[in-house]
Amino acid sequence: MWNDGLRHSRPLRTRREFISDGFCGFGSIALACLLRQDRARAAASNPMSPKQPPRAAKAKSVIFLFMAGGPSHIETFDPKPLLTKLNGQPRPKEFGEALYQFVKKDAKLLGTRRTFRNYGRSGIEVSDLFPHTAQCVDDLAVIRSCHGDRVVHSAAQYELFTGRIVPGFPSMGSWVTYGLGSESDSMPGYVVMPDPDGALEGGQPMYSNGFLPAAHQPTMFRPGQRPVLNLDLPPGVSMAQRRETIRLIRGLNEANPAPQDDEFSARINTYDLAFKMQMEAPSVFDLSRESLETLDLYGVGKEPTDDYGRRCLLARRLVETGVRFICVVSGGGPGNKQWDAHGDIEENHLRMAVETDKPIAGLLRDLKRRGLLDSTLVLWGGEFGRSPEAEGGKGRDHHNLGFTMWLAGGGIKGGQVVGATDDIGLRAVREPRHFRDIHTTLLHQLGFEDDELTYPYGGRDERLTLLKGDVISQIV
Amino acid sequence: MNRIKTPSNNQLDHLRLKDALSAHPELPGVRCMRAWVIVLLATLSTVAQLHGGTIGAKERAFWSFQPVKPFSPPAVVNPLWTKSPVDHFILARIEAAGLEPAPPASRQDLIRRVTFDLTGLPPTPGEVAGFLADASPDAYEKLVDRLLASPAHGEKWGQHWLDVVRFAETEGFEYDRAVPGAWRFRDFVVESVRSDTPFDHFLTAQLAGDELAPHDPTMQVAAGFHRLGPVRRNAGNQEVSASRNEVLTERTDMIGAAFLGLTVGCARCHDHKFDPVSQKDYYQLQAFLAATQENDIPRVSPAEHAAWKTRTDALNEEIARLKESLKGTSGEAEARLREQIRKTEESLPKPLPSLASIRNDLAQVTPVHVLKRGDPDRKEEQVGLKGVSVLWPSGAAELPPETPNPRTILARWLTDSSNPLTSRVIVNRIWQQHFGAGLVRTPNDFGANGDRPSHPELLDYLASELLGRQWSLKSLHRLLVTSACYRQAVLNPRVSMAKGKAADPDNRLLWHFNRRRLAAEELRDAMLAVAGVLNPQGGGESVMLPVEQDLVGQLYKPSQWHVTDDPSQHFRRSIYLIAKRNLPLPFFQVFDQPLLQASCPRRESSTHAPQALEMLNGRISNELAAAFADRLRRESGDNPRGQIHRAYLLVAGRAPTTAEQTLALEFLRRSPPKEFALALFNLNSFLYVE
């Protein structure tokens, strides 16, 4: 069929709309030229087929180690001796004001019981919560001056994932597959592995594709051997039978009187792709092919690292098959099952850290020795940090004015500390880095500058960041 | 110069409203119309104060701010092709481009197309046969009238409006709390479509129903419009003014997108880069909502409510007391206390049935300031109420913040016959849903950054027709679907591929019909209908389907999902399934259901492998394939030929071709009927409307 068959495919239409919007009708020649390119591209017609970024990229995949609930910077990567000295006292006036979710103005400062040591050639300080990750510190760019705009979970989670404090916008992972497609044709391009303990405040909208086409929605992995919904055959149907059914679908669709049509052939191809995913996925999930040494590296088979270790190992296997964006969540369900240590920072963080430290170090090492770390950007952090003040004596409240995240791999220059909070860890004072700077840096490593990855929505060419972000230049 | 309105226009409008009242006694909320008129007359003098001024022509030169002009249909070379004035506008452009319209669609394609378009369901084989056998010259018009009168029409078009107004039944964010009685808003919309409520009334009821008729239940429901957005509620929230600002922002942006077709939200942080909407305009628009407060109206007797409140207050006091005594305890004592608190909290009575609506509280009007970069902590000058300047008389003062019935004034401004946006925006939405793309392809954005109309005269013609037809949307549907343009085939053998592509690659001139994929809800509803299990029951509380436990586990409070007990409810139309912000159904998600967080003016239609996985392995498709196979056996016996024939009539509205018959027969010799039924759900002939 010779009419505009791929009309239904949003990427085609989008780019056309984008161009006609962008030039406001003045770029008709450029438009016609790009339309031809679009048409050529439409032949491939799979929204997830791999695409070249506009610039040379250092990273091809991203693994986001999401520490949900907000890990304390003070207990992990940002030592504050003065805070410990001021334990039990009110915050000195010169540090300024802060708004928390729960703790009030009269709260007292809480020192940390953690001890810090210098690690690696870089000598970066890491607390005793992370003895394994500390061994990899020369690969980490530790951003001690992160900040965000909201001090409550849901809004902060939306901002971390989507750049907006309200739900409805596309997450990092959706933007990345929208920009780059996927190099895997047996796995979804954007995968989230939630913590089996439960969901988070931001819920599904935080991971979602927002207004981007449905092809860019996340695939949520379930715990267990068969993580992907709908990859299993329905009860009582054999693989051989299913092959026959798919053959029938193709046969009947091709016997249809309508002549050839781009969208129709694209749809017919999705069945082949679906079948391929179904055939190949189980081998990706089968960790028994890994050596004992590798399993041990991630802490698989031992408590309390087994669960997070399995998911980190699976993340590496997904990277190997060409998946673009993988989010491995630590923390889920009610607050204390996350890093959300309102009640007792010691108890909470000791527990959360020991579950994740070895798996994360294992992942970094494993990626590195396989030559994958260079092209895989690993991001670690939560939606905020925790308050220097005590909540209820032993806990810490949410805190968005200054906290730590780190990046590694994917061309990031490790062994560096970026920025600083003040002497009690209240506020990012040197080189403050907003979430938008993290987002911009991440896209930069993937081959996109600021405005090179956009989508027209609601009168704006929307992008991952609301305001323009800056690349953290010293680490790229 | 574009005059916004004159007092005499207003007077005429009121007469028209009264006429409409007596002409449509069946309208929902009609009994409160008398009250409307009284309040409207009271606000009239306020509105009238604003008249008489003029604004500079420069801003108004932009096409969408120009007055709607009642263009006459242009002359065409081949008037025989035309069936309606609409066709003159379309054909004139096709002819001018040296193209020809496509031949008419086959009658089989046409009945399938118009049935899906007007009801969201496939025609039954009986309906198809009846239409094919009807040789009368007005057979098609009779079909259109039957479909427009069917209850299913309300469900199909109600869904589109629900998309536009970001309808959902929960508040999103972490609690994702139920919006009390939100399903009543859905029923209000469906009923309004069914009874063809004039669009100006429909709009006014949503914007200001509570002001016009505070005690009328229908108007209270309609005003729930303002409660449909996502709302952030947090324990211990210390950012009260930021939260209020978020709510006002969400509601203002909604009004801009849904009714004005302007992305006013961009002006929140800076003067709009593209439209002559200033930052001040934005906040003046927001000021119409500044007195608006949430109003959860109990739907029980006052005595029941009082009893509930007494018990709830007592338990809450007890909980507060226990929490207080927690301080200073530890170990076992603390654990005991916590357990006691948990138990007390569990014994709190369930929330009473109530309705999420709104009301004005003039005693606590939120002062609205221009906010530097949209930041609630950076207040600049305070503003009063005013419509977007470019459409508001220049020199007219803004109204004071405590103006009574502010949203009625806003609604009057929007529905005034001289407001050039409201009528254009709604006719464009309807056009889009019938033809695949709007005359303006950005239905929520008629500003400078949006699309320009492909047929500006046609858009204005339709907008004036709508006003002339008392804002009757059904009449507009009829006008569009009875046109020759709508009845064209998808394929146009009269125009060569090269010529068509060169002249009009996007088919904006509509020289053939646009094929479309079924929307997510249509697809499920059609599967239910084809399988013979569709439960046509309308209205009422929303249904929760059984879903994968892991999916429920994605809710922060998994207890919020309780599957509807009666399994026959699971087979109701998709519009009656709960719209829960934090738990969209995977089936709908893969087929481009919007996210339920913001206005969706136009559905995506993507094609990707997870759709195939959902259709092949998903619970919904497999369950319905089994039912479909049973139906085929029931209706056509064990004869495979008969089953195949029947199956094609149901799924594609036509008999199978010989090639299809052969392939299917071959398959059924070795494979179970359920797999055959499943394959048919995956046919392009089923998934697409020609």
# chains A, B, ... in the order shown; residues from 1 in each chain; ligands from 1
call {"tool": "closest_atom_pairs", "arguments": {"of": "chain B", "to": "chain A", "cutoff": "7 Å", "atoms": "only C-alpha atoms", "output": "JSON lines"}}
result
{"residue": "B:Phe173", "atom": "CA", "partner": "A:Ser154", "partner_atom": "CA", "distance": 5.7}
{"residue": "B:Glu174", "atom": "CA", "partner": "A:Glu201", "partner_atom": "CA", "distance": 4.1}
{"residue": "B:Gly236", "atom": "CA", "partner": "A:Phe102", "partner_atom": "CA", "distance": 5.3}
{"residue": "B:Asn237", "atom": "CA", "partner": "A:Gln101", "partner_atom": "CA", "distance": 5.6}
{"residue": "B:Gln238", "atom": "CA", "partner": "A:Gln101", "partner_atom": "CA", "distance": 6.2}
{"residue": "B:Thr263", "atom": "CA", "partner": "A:Gly459", "partner_atom": "CA", "distance": 5.7}
{"residue": "B:Asp445", "atom": "CA", "partner": "A:Gly459", "partner_atom": "CA", "distance": 6.2}
{"residue": "B:Asn449", "atom": "CA", "partner": "A:Gly459", "partner_atom": "CA", "distance": 5.9}
{"residue": "B:Gly450", "atom": "CA", "partner": "A:Gly459", "partner_atom": "CA", "distance": 6.5}
{"residue": "B:Met497", "atom": "CA", "partner": "A:Trp2", "partner_atom": "CA", "distance": 5.7}
{"residue": "B:Pro505", "atom": "CA", "partner": "A:Asp4", "partner_atom": "CA", "distance": 6.6}
{"residue": "B:Asp506", "atom": "CA", "partner": "A:Asp4", "partner_atom": "CA", "distance": 6.5}
{"residue": "B:Asp550", "atom": "CA", "partner": "A:Arg222", "partner_atom": "CA", "distance": 6.6}
{"residue": "B:Gly553", "atom": "CA", "partner": "A:Gly198", "partner_atom": "CA", "distance": 5.9}
{"residue": "B:Gln554", "atom": "CA", "partner": "A:Ala199", "partner_atom": "CA", "distance": 4.7}
{"residue": "B:Leu555", "atom": "CA", "partner": "A:Ala199", "partner_atom": "CA", "distance": 5.6}
{"residue": "B:Tyr556", "atom": "CA", "partner": "A:Ala199", "partner_atom": "CA", "distance": 5.0}
{"residue": "B:Asn582", "atom": "CA", "partner": "A:Gln204", "partner_atom": "CA", "distance": 5.7}
{"residue": "B:Gln589", "atom": "CA", "partner": "A:Ala214", "partner_atom": "CA", "distance": 6.8}
{"residue": "B:Val590", "atom": "CA", "partner": "A:Ala214", "partner_atom": "CA", "distance": 5.7}
{"residue": "B:Phe591", "atom": "CA", "partner": "A:Ala214", "partner_atom": "CA", "distance": 6.9}
{"residue": "B:Asp592", "atom": "CA", "partner": "A:Ala214", "partner_atom": "CA", "distance": 5.4}
{"residue": "B:Leu595", "atom": "CA", "partner": "A:Gly210", "partner_atom": "CA", "distance": 6.4}
{"residue": "B:Gln597", "atom": "CA", "partner": "A:Gly168", "partner_atom": "CA", "distance": 5.1}
{"residue": "B:Ala598", "atom": "CA", "partner": "A:Gly168", "partner_atom": "CA", "distance": 6.6}
{"residue": "B:Glu604", "atom": "CA", "partner": "A:Pro213", "partner_atom": "CA", "distance": 6.3}
{"residue": "B:Ser605", "atom": "CA", "partner": "A:His8", "partner_atom": "CA", "distance": 5.1}
{"residue": "B:Ser606", "atom": "CA", "partner": "A:Ser9", "partner_atom": "CA", "distance": 5.1}
{"residue": "B:Thr607", "atom": "CA", "partner": "A:Arg267", "partner_atom": "CA", "distance": 6.1}
{"residue": "B:His608", "atom": "CA", "partner": "A:Ala215", "partner_atom": "CA", "distance": 5.8}
{"residue": "B:Ala609", "atom": "CA", "partner": "A:Thr270", "partner_atom": "CA", "distance": 4.5}
{"residue": "B:Pro610", "atom": "CA", "partner": "A:Ala274", "partner_atom": "CA", "distance": 6.9}
{"residue": "B:Ala612", "atom": "CA", "partner": "A:Tyr271", "partner_atom": "CA", "distance": 5.5}
{"residue": "B:Leu613", "atom": "CA", "partner": "A:Asn230", "partner_atom": "CA", "distance": 5.7}
{"residue": "B:Glu614", "atom": "CA", "partner": "A:Asn230", "partner_atom": "CA", "distance": 6.0}
{"residue": "B:Asn617", "atom": "CA", "partner": "A:Asn230", "partner_atom": "CA", "distance": 5.1}
{"residue": "B:Gly618", "atom": "CA", "partner": "A:Asn230", "partner_atom": "CA", "distance": 5.6}
{"residue": "B:Ala659", "atom": "CA", "partner": "A:Ala255", "partner_atom": "CA", "distance": 6.3}
{"residue": "B:Glu660", "atom": "CA", "partner": "A:Leu252", "partner_atom": "CA", "distance": 5.8}
{"residue": "B:Glu675", "atom": "CA", "partner": "A:Thr245", "partner_atom": "CA", "distance": 6.4}
{"residue": "B:Ala679", "atom": "CA", "partner": "A:Ile249", "partner_atom": "CA", "distance": 5.5}
{"residue": "B:Asn682", "atom": "CA", "partner": "A:Ile249", "partner_atom": "CA", "distance": 6.6}
{"residue": "B:Leu683", "atom": "CA", "partner": "A:Asn253", "partner_atom": "CA", "distance": 6.0}
{"residue": "B:Asn684", "atom": "CA", "partner": "A:Asn253", "partner_atom": "CA", "distance": 6.2}
call {"tool": "write_last_selection", "arguments": {"atoms": "C-alpha atoms", "output": "tab-separated table (two decimals), in the first residue's frame"}}
result
chain	number	residue	atom	x	y	z
B	173	PHE	CA	1.62	10.27	44.34
B	174	GLU	CA	2.44	8.01	47.23
B	236	GLY	CA	4.19	16.16	57.95
B	237	ASN	CA	4.21	18.32	54.85
B	238	GLN	CA	5.78	21.64	55.79
B	263	THR	CA	-0.57	25.88	26.72
B	445	ASP	CA	-2.27	23.99	21.46
B	449	ASN	CA	3.97	26.86	18.80
B	450	GLY	CA	1.08	24.65	17.75
B	497	MET	CA	1.88	6.78	-5.51
B	505	PRO	CA	2.66	13.07	1.96
B	506	ASP	CA	0.72	13.43	5.21
B	550	ASP	CA	3.33	-8.65	41.31
B	553	GLY	CA	2.83	-5.31	44.69
B	554	GLN	CA	3.88	-2.23	42.73
B	555	LEU	CA	1.38	-0.21	44.74
B	556	TYR	CA	2.74	1.48	47.81
B	582	ASN	CA	-0.55	4.04	40.20
B	589	GLN	CA	-0.47	0.44	28.74
B	590	VAL	CA	1.07	-1.45	25.84
B	591	PHE	CA	-1.66	-0.18	23.55
B	592	ASP	CA	-0.98	3.47	24.35
B	595	LEU	CA	-0.76	7.89	31.75
B	597	GLN	CA	-1.57	12.24	34.91
B	598	ALA	CA	-2.19	15.11	32.50
B	604	GLU	CA	-0.40	7.55	20.41
B	605	SER	CA	-0.62	4.50	18.18
B	606	SER	CA	2.62	2.62	18.46
B	607	THR	CA	3.67	-0.79	17.21
B	608	HIS	CA	6.09	-2.83	19.30
B	609	ALA	CA	6.85	-6.36	20.43
B	610	PRO	CA	5.34	-6.20	23.94
B	612	ALA	CA	2.42	-9.06	20.55
B	613	LEU	CA	3.48	-10.65	23.86
B	614	GLU	CA	0.42	-9.23	25.61
B	617	ASN	CA	0.37	-14.65	26.31
B	618	GLY	CA	-1.62	-12.17	28.36
B	659	ALA	CA	-6.87	-18.10	0.86
B	660	GLU	CA	-7.79	-17.29	4.45
B	675	GLU	CA	-5.46	-20.98	19.36
B	679	ALA	CA	-4.91	-15.82	16.15
B	682	ASN	CA	-4.20	-10.73	16.19
B	683	LEU	CA	-5.36	-10.11	12.65
B	684	ASN	CA	-4.77	-6.72	11.10
call {"tool": "select_by_dssp", "arguments": {"residues": "region 478-605 of chain B", "states": "alpha helix (DSSP H)", "output": "PyMOL selection string"}}
result
chain B and resi 478-481+497-503+520-531+549-552+586-590
call {"tool": "residues_around", "arguments": {"residues": "Pro180 (chain B)", "least_positions_apart": "4", "cutoff": "7 Å", "atoms": "only C-alpha atoms", "output": "list in words"}}
result
Ser354, Leu355 and Ala356 of chain B
call {"tool": "select_by_dssp", "arguments": {"residues": "region 99-340 of chain A", "states": "strand (DSSP E)", "output": "JSON, numbers by chain"}}
result
{"A": [116, 117, 118, 119, 124, 125, 126, 127, 140, 141, 142, 143, 144, 145, 146, 147, 190, 191, 192, 193, 219, 220, 325, 326, 327, 328, 329, 330]}
call {"tool": "residues_around", "arguments": {"residues": "Ser475 (chain B)", "least_positions_apart": "6", "cutoff": "10 Å", "atoms": "only C-alpha atoms", "output": "list in words"}}
result
Asp145, Leu148, Asp196, Glu465, Leu466 and Arg469 of chain B
call {"tool": "residues_around", "arguments": {"residues": "Leu318 (chain A)", "least_positions_apart": "6", "cutoff": "9 Å", "atoms": "only C-alpha atoms", "output": "PDB file with N, CA and C atoms, in the first residue's frame"}}
result
ATOM      1  N   SER A 184      19.369  -4.873  21.941  1.00  0.00           N
ATOM      2  CA  SER A 184      18.935  -6.236  22.222  1.00  0.00           C
ATOM      3  C   SER A 184      17.622  -6.498  21.518  1.00  0.00           C
ATOM      4  N   MET A 187      15.488  -8.898  24.479  1.00  0.00           N
ATOM      5  CA  MET A 187      15.145  -8.349  25.798  1.00  0.00           C
ATOM      6  C   MET A 187      14.560  -6.966  25.606  1.00  0.00           C
ATOM      7  N   VAL A 191      14.671  -1.792  31.568  1.00  0.00           N
ATOM      8  CA  VAL A 191      14.256  -2.769  32.566  1.00  0.00           C
ATOM      9  C   VAL A 191      14.353  -2.160  33.968  1.00  0.00           C
ATOM     10  N   VAL A 284      18.987 -15.860  29.254  1.00  0.00           N
ATOM     11  CA  VAL A 284      19.547 -14.664  29.892  1.00  0.00           C
ATOM     12  C   VAL A 284      19.320 -14.726  31.408  1.00  0.00           C
ATOM     13  N   PHE A 285      18.162 -15.246  31.789  1.00  0.00           N
ATOM     14  CA  PHE A 285      17.838 -15.282  33.217  1.00  0.00           C
ATOM     15  C   PHE A 285      18.529 -16.425  33.960  1.00  0.00           C
ATOM     16  N   ARG A 324      19.545  -1.115  27.170  1.00  0.00           N
ATOM     17  CA  ARG A 324      20.059   0.244  27.326  1.00  0.00           C
ATOM     18  C   ARG A 324      20.074   0.747  28.756  1.00  0.00           C
ATOM     19  N   ILE A 326      18.992  -0.067  32.855  1.00  0.00           N
ATOM     20  CA  ILE A 326      18.560  -1.038  33.855  1.00  0.00           C
ATOM     21  C   ILE A 326      18.573  -0.341  35.198  1.00  0.00           C
TER      22      ILE A 326
END
call {"tool": "residues_around", "arguments": {"residues": "region 410-422 of chain A", "least_positions_apart": "4", "cutoff": "7 Å", "atoms": "only C-alpha atoms", "output": "list in words"}}
result
Lys58, Ala59, Ser122, Val137, Asp138, Asp139, Leu140, Ala141, Val142, Ile143, Arg144, Ser145, Leu373, Asp374, Ser375, Thr376, Leu377, Gly402, Leu426, Arg427, Ala428, Val429, Arg430, Glu431, Pro432, Gln445, Ile475 and Val476 of chain A
call {"tool": "residues_around", "arguments": {"residues": "Leu160 (chain A)", "least_positions_apart": "4", "cutoff": "7 Å", "atoms": "only C-alpha atoms", "output": "PyMOL selection string"}}
result
chain A and resi 156+383+435
call {"tool": "atom_distance", "arguments": {"atom1": "CA of Lys350 (chain B)", "atom2": "CA of Leu162 (chain B)"}}
result
28.2 Å
call {"tool": "atom_distance", "arguments": {"atom1": "CA of Ala287 (chain B)", "atom2": "CA of Phe65 (chain B)"}}
result
22.1 Å
